[in-house]
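Content type compact mmCIF, C-alpha atoms, from the file data-v1.txt:
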```txt
# COMPACT_ATOMS: atom_id res chain seq x y z
CA MET A 1 117.27 86.98 82.61
CA LYS A 2 118.40 90.51 81.73
CA GLY A 3 116.31 90.44 78.57
CA VAL A 4 113.24 89.24 80.48
CA LEU A 5 113.53 92.06 83.02
CA LEU A 6 114.10 94.62 80.26
CA ALA A 7 111.06 93.41 78.32
CA ALA A 8 108.81 93.59 81.39
CA SER A 9 110.08 97.06 82.36
CA ILE A 10 109.94 98.55 78.87
CA SER A 11 106.43 97.24 78.14
CA LEU A 12 105.22 98.50 81.52
CA LEU A 13 106.54 102.00 80.81
CA ILE A 14 105.21 102.11 77.24
CA SER A 15 101.77 100.96 78.36
CA LEU A 16 101.66 103.14 81.48
CA PHE A 17 102.65 106.38 79.75
CA GLY A 18 101.37 105.59 76.26
CA THR A 19 97.78 104.79 77.29
CA PRO A 20 96.81 108.36 78.35
CA LEU A 21 98.20 109.68 75.07
CA PHE A 22 96.10 107.14 73.19
CA ILE A 23 93.05 108.12 75.26
CA LYS A 24 93.45 111.75 74.16
CA PHE A 25 93.82 110.61 70.55
CA LEU A 26 90.60 108.57 70.74
CA VAL A 27 88.63 111.29 72.54
CA LYS A 28 89.52 113.87 69.89
CA ARG A 29 88.06 111.59 67.23
CA GLY A 30 85.05 110.53 69.28
CA TYR A 31 86.00 106.86 69.27
CA GLY A 32 83.94 105.71 72.24
CA GLN A 33 82.49 102.38 73.34
CA PHE A 34 78.94 101.47 72.30
CA ILE A 35 77.07 99.85 75.22
CA ARG A 36 74.52 97.14 74.47
CA ASP A 37 70.97 97.78 75.69
CA ASP A 38 70.60 94.16 76.82
CA GLY A 39 73.49 94.44 79.29
CA PRO A 40 73.30 95.58 82.92
CA THR A 41 71.70 99.03 83.11
CA SER A 42 74.53 100.21 85.38
CA HIS A 43 76.88 99.97 82.36
CA HIS A 44 75.02 102.63 80.37
CA THR A 45 77.09 105.32 82.11
CA LYS A 46 80.17 103.83 80.39
CA ARG A 47 78.91 104.74 76.94
CA GLY A 48 81.47 106.84 75.10
CA THR A 49 84.48 105.57 77.08
CA PRO A 50 87.42 105.28 74.65
CA THR A 51 88.00 101.73 73.42
CA MET A 52 90.54 99.85 71.26
CA GLY A 53 93.04 100.21 74.13
CA GLY A 54 94.34 96.79 73.20
CA ALA A 55 96.35 98.58 70.53
CA VAL A 56 98.51 100.01 73.32
CA ILE A 57 98.98 96.57 74.89
CA LEU A 58 99.97 95.16 71.52
CA ALA A 59 102.34 98.03 70.73
CA ALA A 60 103.93 97.83 74.18
CA THR A 61 104.46 94.07 73.88
CA LEU A 62 105.95 94.24 70.40
CA GLY A 63 108.06 97.31 71.18
CA ALA A 64 109.42 95.84 74.40
CA TYR A 65 110.27 92.52 72.74
CA PHE A 66 112.33 94.07 69.94
CA LEU A 67 113.93 96.72 72.16
CA ALA A 68 114.98 94.09 74.68
CA HIS A 69 116.63 92.10 71.90
CA LEU A 70 118.30 95.21 70.55
CA LEU A 71 119.68 96.17 73.97
CA THR A 72 120.94 92.66 74.75
CA PHE A 73 122.33 92.05 71.23
CA ASN A 74 120.40 88.78 70.96
CA PRO A 75 118.50 87.92 67.77
CA PRO A 76 114.77 87.09 67.96
CA THR A 77 113.80 83.42 67.76
CA ALA A 78 111.26 81.58 65.63
CA SER A 79 109.13 80.70 68.67
CA GLY A 80 108.98 84.26 69.98
CA LEU A 81 108.19 85.75 66.57
CA LEU A 82 105.44 83.19 65.95
CA VAL A 83 103.69 83.98 69.23
CA LEU A 84 103.88 87.69 68.44
CA PHE A 85 102.56 87.03 64.93
CA LEU A 86 99.57 85.22 66.41
CA MET A 87 99.00 88.02 68.91
CA ALA A 88 99.23 90.75 66.27
CA GLY A 89 97.13 88.85 63.72
CA LEU A 90 94.25 88.30 66.11
CA GLY A 91 94.65 91.84 67.38
CA PHE A 92 94.11 93.07 63.81
CA VAL A 93 90.92 91.00 63.53
CA GLY A 94 89.77 92.55 66.81
CA PHE A 95 90.70 96.03 65.55
CA LEU A 96 88.48 95.61 62.49
CA ASP A 97 85.62 94.54 64.77
CA ASP A 98 86.14 97.52 67.12
CA PHE A 99 86.52 100.02 64.30
CA ILE A 100 83.24 98.98 62.68
CA LYS A 101 81.43 99.24 66.03
CA ILE A 102 82.82 102.70 66.69
CA THR A 103 82.29 104.19 63.25
CA LYS A 104 78.81 102.68 62.84
CA GLN A 105 77.87 103.25 66.53
CA ARG A 106 76.43 99.79 66.95
CA SER A 107 77.12 96.75 69.11
CA LEU A 108 77.74 94.51 66.08
CA GLY A 109 81.10 94.84 64.39
CA LEU A 110 82.30 91.96 62.26
CA ARG A 111 79.70 89.26 61.82
CA SER A 112 80.44 86.08 63.76
CA LYS A 113 81.36 84.17 60.60
CA GLN A 114 83.70 86.95 59.49
CA LYS A 115 85.39 87.06 62.88
CA LEU A 116 85.79 83.28 63.03
CA LEU A 117 87.17 83.26 59.48
CA GLY A 118 89.74 85.90 60.40
CA GLN A 119 90.74 83.97 63.51
CA ALA A 120 90.99 80.76 61.50
CA LEU A 121 93.22 82.31 58.82
CA VAL A 122 95.64 83.60 61.42
CA GLY A 123 95.45 80.39 63.45
CA VAL A 124 96.06 78.07 60.50
CA THR A 125 99.05 80.15 59.39
CA PHE A 126 100.50 80.08 62.91
CA ALA A 127 99.96 76.34 63.32
CA GLY A 128 101.52 75.55 59.95
CA LEU A 129 104.58 77.71 60.63
CA ALA A 130 104.98 76.39 64.19
CA LEU A 131 105.89 72.98 62.77
CA GLN A 132 108.63 74.50 60.63
CA PHE A 133 112.02 76.09 61.40
CA PRO A 134 113.86 73.19 63.08
CA ASN A 135 116.97 74.20 65.01
CA GLU A 136 120.28 72.32 65.32
CA GLN A 137 118.59 69.67 67.48
CA TYR A 138 115.73 69.35 64.95
CA ARG A 139 113.26 70.89 67.38
CA THR A 140 110.42 72.96 65.95
CA PRO A 141 108.48 75.55 68.00
CA ALA A 142 105.47 73.20 68.25
CA SER A 143 105.18 69.43 68.52
CA LEU A 144 102.81 66.76 67.20
CA LEU A 145 102.75 65.29 70.70
CA VAL A 146 99.84 66.14 72.99
CA SER A 147 101.15 68.12 75.97
CA PHE A 148 100.03 68.81 79.52
CA VAL A 149 103.00 70.05 81.54
CA ARG A 150 105.36 68.58 78.93
CA ASP A 151 105.13 66.41 75.81
CA THR A 152 103.36 63.11 76.51
CA ASN A 153 103.65 59.84 74.60
CA ILE A 154 100.35 60.58 72.84
CA SER A 155 101.00 61.63 69.25
CA LEU A 156 98.62 63.28 66.82
CA ALA A 157 100.38 61.39 64.03
CA LEU A 158 97.93 58.49 64.11
CA GLY A 159 99.35 55.32 62.60
CA GLY A 160 102.65 57.09 62.19
CA SER A 161 101.24 59.34 59.47
CA THR A 162 102.87 62.77 59.64
CA VAL A 163 100.27 64.21 57.26
CA VAL A 164 97.43 63.15 59.55
CA GLY A 165 99.37 64.48 62.52
CA VAL A 166 99.84 67.88 60.90
CA ILE A 167 96.13 68.13 60.01
CA LEU A 168 95.06 67.15 63.53
CA PHE A 169 97.57 69.56 65.04
CA VAL A 170 96.27 72.45 62.94
CA ILE A 171 92.72 71.64 64.04
CA PHE A 172 93.76 71.25 67.69
CA ALA A 173 95.78 74.48 67.65
CA ASN A 174 92.89 76.41 66.13
CA VAL A 175 90.45 75.10 68.73
CA MET A 176 92.88 76.29 71.40
CA ILE A 177 93.39 79.67 69.78
CA ALA A 178 89.66 80.26 69.26
CA GLY A 179 88.88 79.08 72.78
CA ALA A 180 91.52 81.27 74.44
CA SER A 181 90.81 84.41 72.43
CA ASN A 182 87.05 84.15 72.83
CA GLY A 183 87.47 83.27 76.51
CA VAL A 184 89.38 86.50 77.16
CA ASN A 185 86.82 88.34 75.01
CA LEU A 186 83.92 87.07 77.13
CA THR A 187 85.75 87.91 80.36
CA ASP A 188 86.34 91.48 79.19
CA GLY A 189 83.04 92.83 80.50
CA LEU A 190 84.01 94.64 83.70
CA ASP A 191 86.64 97.31 84.35
CA GLY A 192 90.04 95.66 84.78
CA LEU A 193 88.75 92.09 84.95
CA ALA A 194 90.29 90.56 81.81
CA THR A 195 93.41 92.73 82.10
CA GLY A 196 94.11 91.60 85.66
CA VAL A 197 93.51 87.92 84.91
CA SER A 198 95.70 88.09 81.78
CA THR A 199 98.51 89.66 83.81
CA MET A 200 98.49 86.68 86.17
CA VAL A 201 98.51 84.08 83.39
CA PHE A 202 101.33 85.88 81.56
CA GLY A 203 103.24 85.90 84.85
CA ALA A 204 102.77 82.15 85.12
CA TYR A 205 104.25 81.68 81.66
CA VAL A 206 107.26 83.80 82.60
CA LEU A 207 107.98 81.34 85.42
CA ILE A 208 107.24 78.26 83.31
CA SER A 209 109.47 79.44 80.46
CA ILE A 210 112.36 80.28 82.79
CA TRP A 211 112.02 76.88 84.47
CA THR A 212 111.99 74.98 81.17
CA PHE A 213 115.01 77.01 80.05
CA ASN A 214 116.96 76.01 83.18
CA GLN A 215 115.87 72.38 82.79
CA ASN A 216 116.16 72.20 79.01
CA CYS A 217 117.35 68.94 77.47
CA GLN A 218 119.88 70.81 75.34
CA THR A 219 121.77 72.35 78.27
CA ASN A 220 120.73 70.17 81.21
CA PRO A 221 119.90 66.67 79.92
CA GLY A 222 118.15 64.33 82.28
CA ILE A 223 115.09 62.17 82.81
CA LYS A 224 112.74 65.12 83.33
CA CYS A 225 114.30 67.74 81.07
CA TYR A 226 112.01 69.71 78.75
CA GLU A 227 112.04 69.45 74.95
CA VAL A 228 111.03 73.11 74.51
CA ARG A 229 112.69 75.29 71.93
CA ASP A 230 113.56 78.95 72.67
CA SER A 231 112.36 78.86 76.29
CA HIS A 232 114.24 82.00 77.24
CA ASP A 233 112.72 84.00 74.41
CA LEU A 234 109.24 82.76 75.32
CA ALA A 235 109.86 84.06 78.85
CA LEU A 236 110.73 87.39 77.28
CA VAL A 237 107.46 87.41 75.28
CA ALA A 238 105.42 86.52 78.36
CA ALA A 239 107.19 89.21 80.41
CA ALA A 240 106.46 91.80 77.73
CA GLY A 241 102.79 90.81 77.73
CA MET A 242 102.65 90.89 81.52
CA GLY A 243 104.22 94.35 81.73
CA ALA A 244 101.93 95.72 79.02
CA CYS A 245 98.82 94.45 80.83
CA PHE A 246 100.09 95.77 84.15
CA GLY A 247 100.60 99.27 82.76
CA PHE A 248 97.24 99.23 80.97
CA LEU A 249 95.49 98.12 84.17
CA TRP A 250 96.39 101.46 85.79
CA TRP A 251 93.97 103.15 83.34
CA ASN A 252 91.58 100.22 82.87
CA ALA A 253 90.79 99.70 86.57
CA THR A 254 87.46 100.97 87.92
CA PRO A 255 86.41 103.51 86.80
CA ALA A 256 88.00 102.63 83.47
CA LYS A 257 89.37 105.51 81.43
CA ILE A 258 89.70 103.16 78.43
CA PHE A 259 88.59 99.68 77.37
CA MET A 260 90.82 97.17 75.60
CA GLY A 261 88.07 96.17 73.15
CA ASP A 262 88.29 93.16 70.88
CA THR A 263 91.65 94.51 69.72
CA GLY A 264 93.06 93.63 73.12
CA SER A 265 91.01 90.61 74.13
CA LEU A 266 91.61 88.64 70.92
CA ALA A 267 95.31 89.59 70.93
CA LEU A 268 95.79 88.54 74.56
CA GLY A 269 93.96 85.26 74.07
CA GLY A 270 96.06 84.52 71.01
CA ALA A 271 99.29 85.29 72.86
CA LEU A 272 98.35 82.96 75.72
CA ALA A 273 97.38 80.16 73.34
CA GLY A 274 100.63 80.67 71.43
CA LEU A 275 102.66 80.49 74.63
CA ALA A 276 100.87 77.30 75.67
CA ILE A 277 101.58 75.66 72.32
CA THR A 278 105.23 76.70 72.10
CA THR A 279 106.01 75.83 75.75
CA HIS A 280 104.31 72.45 75.20
CA THR A 281 101.76 73.06 77.99
CA GLU A 282 98.58 73.15 75.90
CA LEU A 283 96.29 71.36 78.34
CA LEU A 284 97.80 73.16 81.36
CA LEU A 285 96.35 76.41 79.96
CA ILE A 286 92.90 75.09 80.92
CA ILE A 287 93.97 75.31 84.57
CA LEU A 288 96.08 78.48 84.37
CA GLY A 289 93.31 80.26 82.49
CA GLY A 290 90.58 78.68 84.59
CA MET A 291 88.80 82.02 85.00
CA PHE A 292 88.46 82.32 81.22
CA VAL A 293 87.17 78.74 81.09
CA LEU A 294 84.50 79.46 83.73
CA GLU A 295 83.30 82.54 81.85
CA THR A 296 83.09 80.58 78.60
CA LEU A 297 81.27 77.64 80.20
CA SER A 298 78.75 80.02 81.77
CA VAL A 299 77.78 81.27 78.30
CA VAL A 300 77.63 77.72 76.90
CA ALA A 301 75.43 76.58 79.79
CA GLN A 302 73.15 79.62 79.46
CA VAL A 303 72.62 79.14 75.73
CA ALA A 304 72.23 75.36 75.96
CA SER A 305 69.71 75.60 78.81
CA PHE A 306 67.62 78.27 77.08
CA LYS A 307 67.53 76.40 73.77
CA THR A 308 66.64 73.04 75.32
CA THR A 309 64.34 74.04 78.20
CA GLY A 310 63.46 77.68 77.59
CA LYS A 311 64.94 78.55 80.99
CA ARG A 312 68.14 80.35 81.95
CA VAL A 313 70.57 78.97 84.53
CA LEU A 314 72.00 82.44 85.20
CA ARG A 315 70.33 85.81 85.46
CA MET A 316 72.70 87.03 82.77
CA ALA A 317 75.74 85.58 81.02
CA PRO A 318 78.74 85.69 81.11
CA LEU A 319 79.21 84.77 84.76
CA HIS A 320 80.39 88.20 85.96
CA HIS A 321 77.11 89.78 84.84
CA HIS A 322 75.15 87.20 86.84
CA PHE A 323 76.79 88.35 90.06
CA GLU A 324 76.13 91.97 89.14
CA MET A 325 72.45 91.14 88.69
CA VAL A 326 72.25 89.50 92.12
CA GLY A 327 73.53 92.70 93.71
CA TRP A 328 77.33 92.50 93.84
CA ASN A 329 79.14 95.76 93.24
CA GLU A 330 81.33 95.78 90.09
CA VAL A 331 84.52 96.25 92.08
CA THR A 332 83.55 93.34 94.34
CA VAL A 333 83.01 91.07 91.36
CA VAL A 334 86.33 92.04 89.78
CA VAL A 335 88.41 91.61 92.94
CA ARG A 336 86.81 88.27 93.83
CA PHE A 337 87.25 86.99 90.29
CA TRP A 338 90.90 88.11 90.45
CA ILE A 339 91.27 86.03 93.61
CA ILE A 340 89.75 83.00 91.88
CA ALA A 341 92.00 83.56 88.86
CA GLY A 342 95.02 83.76 91.17
CA LEU A 343 94.06 80.45 92.76
CA PHE A 344 93.79 78.83 89.32
CA VAL A 345 97.23 80.16 88.37
CA ALA A 346 98.76 79.04 91.67
CA PHE A 347 97.23 75.57 91.30
CA GLY A 348 98.45 75.30 87.70
CA LEU A 349 102.00 76.27 88.68
CA GLY A 350 101.80 73.81 91.56
CA VAL A 351 100.81 71.01 89.19
CA PHE A 352 103.61 71.98 86.81
CA TYR A 353 106.26 71.93 89.54
CA ALA A 354 104.87 68.86 91.31
CA GLU A 355 105.13 66.83 88.12
CA TRP A 356 108.83 67.65 87.90
CA VAL A 357 109.48 66.92 91.60
CA VAL A 358 107.66 63.60 91.60
CA GLY A 359 109.10 62.59 88.26
CA SER A 360 112.68 63.38 89.29
CA GLN A 361 112.61 61.18 92.38
```

Whole structure given in structure tokens:
Amino acid sequence: MKGVLLAASISLLISLFGTPLFIKFLVKRGYGQFIRDDGPTSHHTKRGTPTMGGAVILAATLGAYFLAHLLTFNPPTASGLLVLFLMAGLGFVGFLDDFIKITKQRSLGLRSKQKLLGQALVGVTFAGLALQFPNEQYRTPASLLVSFVRDTNISLALGGSTVVGVILFVIFANVMIAGASNGVNLTDGLDGLATGVSTMVFGAYVLISIWTFNQNCQTNPGIKCYEVRDSHDLALVAAAGMGACFGFLWWNATPAKIFMGDTGSLALGGALAGLAITTHTELLLIILGGMFVLETLSVVAQVASFKTTGKRVLRMAPLHHHFEMVGWNEVTVVVRFWIIAGLFVAFGLGVFYAEWVVGSQ
């Protein structure tokens, strides 16, 4: 628990005090956000606001993780390092996208195929490594079993074939990673929205990881124990991410002094997907990150409706822009979406705990 508290505190301080320094660095070089002309006209005043703030979130998370381990004299674990690798890898893809937008002063950075290829390369590497590094109990960071709040009896190794299972797992993991990272990316359209929602989901994974550590089959065997490797270190990663987002939110809240950009949104989505996979709660992420799911579905519905009927179901997608177009103030949209996100997180944690209570009777 000491390491978890240290990670949260250190990342909060790095993000809180490091962000204004990064803002000054970006302003000196003229690295400002390009605003699309097809977005809400009220956003045109944000043109030139420093972006790529996700680099601070990433640096704070990584710095806090390794400092917490250094101060507690505990070595990093395979699970924690893999989640951070996924976060940093996707953050680098996002950085390339942001850097091209800034230097070329255009709304298009990496082409969609290039971005998806970069995400896939990082995702495949993560998925392949997550099935390696067994510990003394032969547990690997990820599992071939499909998971909701824990591993189920449904295996991806169809017909008992491990090769098929590995292939299906890599595909499944990459769908999750792409969905989570792009979901955060779509949500990142209003000041503080994606940062606030990410903070809540990271907080949920702190609680989940601590709970699975206390009820781990290695130390507390029983009917409903959890077959999760490195739970305590995953709590530390989640705490570092939560603290980094919290500190960044101070500067990202309306009116934002800096945007996280794709550097931050892809990194945060990757970290959340990595935590879901390594805590064996893949499908639970759909509930915990329900706000991200709604934003993504709004875009899917908008595109599908326009292509099939020529009509739009929303005034503008993603969903937060629709409510802006109907007259909601930006702050109103953000706060109400935070409330909805909090309800999703609370419901997801309730489902997680209820499964253990009912199952332990």

- Message: Please report the interatomic distance between atom CA of Ala204 of chain A and atom CA of Val124 of chain A in Å with one decimal.
- Response: 25.8 Å

- Task: Pick out the residues sitting within 9 Å of segment 245-250 of chain A, and hand them over as a PyMOL selection string; count only C-alpha atoms, and ignore anything fewer than 5 positions along from it in its own chain.
- Result: chain A and resi 11-19+53-54+56-57+61+191-192+195-196+198-199+202+240+256+258+260

- Task: Might you pull out every residue within 10 Å of segment 70-80 of chain A, with all atoms listed in the file counted and same-chain residues fewer than 5 positions away left off, and present them as number ranges by chain?
- Result: A: 2-3, 6, 64-65, 85, 129-130, 132-135, 140-142, 228-238, 274-275, 277-279

- Please determine the residues with any atom at most 12 Å from (102.7, 67.1, 73.3) (coordinates as given in the file, with all atoms listed in the file counting) and report them as a VMD selection string. chain A and resid 141 to 157 165 169 172 to 173 226 to 228 276 to 284

- Item | Residues within 8 Å of Met200 of chain A, only C-alpha atoms, excluding chain neighbours under 3 positions, as number ranges by chain | A: 196-197, 203-204, 242, 341-342, 345

- Task: Return the single residue from A:Cys225, A:Ile100, A:Leu314, A:Leu168 that is closest to Val326 of chain A, with distances computed using all atoms listed in the file.
- Result: A:Leu314

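When all atoms listed in the file are used to compute distances to Val184 of chain A, the closest of the residues A:Pro20, A:Gly91, A:Gly350, A:Gly269 turns out to be A:Gly269.
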
- Item | For atom CA of Ala271 of chain A and atom CA of Thr212 of chain A, the interatomic separation in Å (one decimal) |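 Those two atoms sit 18.3 Å apart.
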
- Message: Just want the 8 Å neighbourhood of Gly261 of chain A, counted on all atoms listed in the file, with same-chain residues fewer than 6 positions away dropped. Output as a ChimeraX atom specification.
- Response: /A:51-54,94,98,188

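The list of residues within 12 Å of (77.2, 80.3, 77.2), counted using only C-alpha atoms, is Asn182, Gly183, Leu186, Thr187, Val293, Leu294, Glu295, Thr296, Leu297, Ser298, Val299, Val300, Ala301, Gln302, Val303, Ala304, Ser305, Phe306, Lys307, Arg312, Val313, Leu314, Met316, Ala317, Pro318 and Leu319 of chain A.
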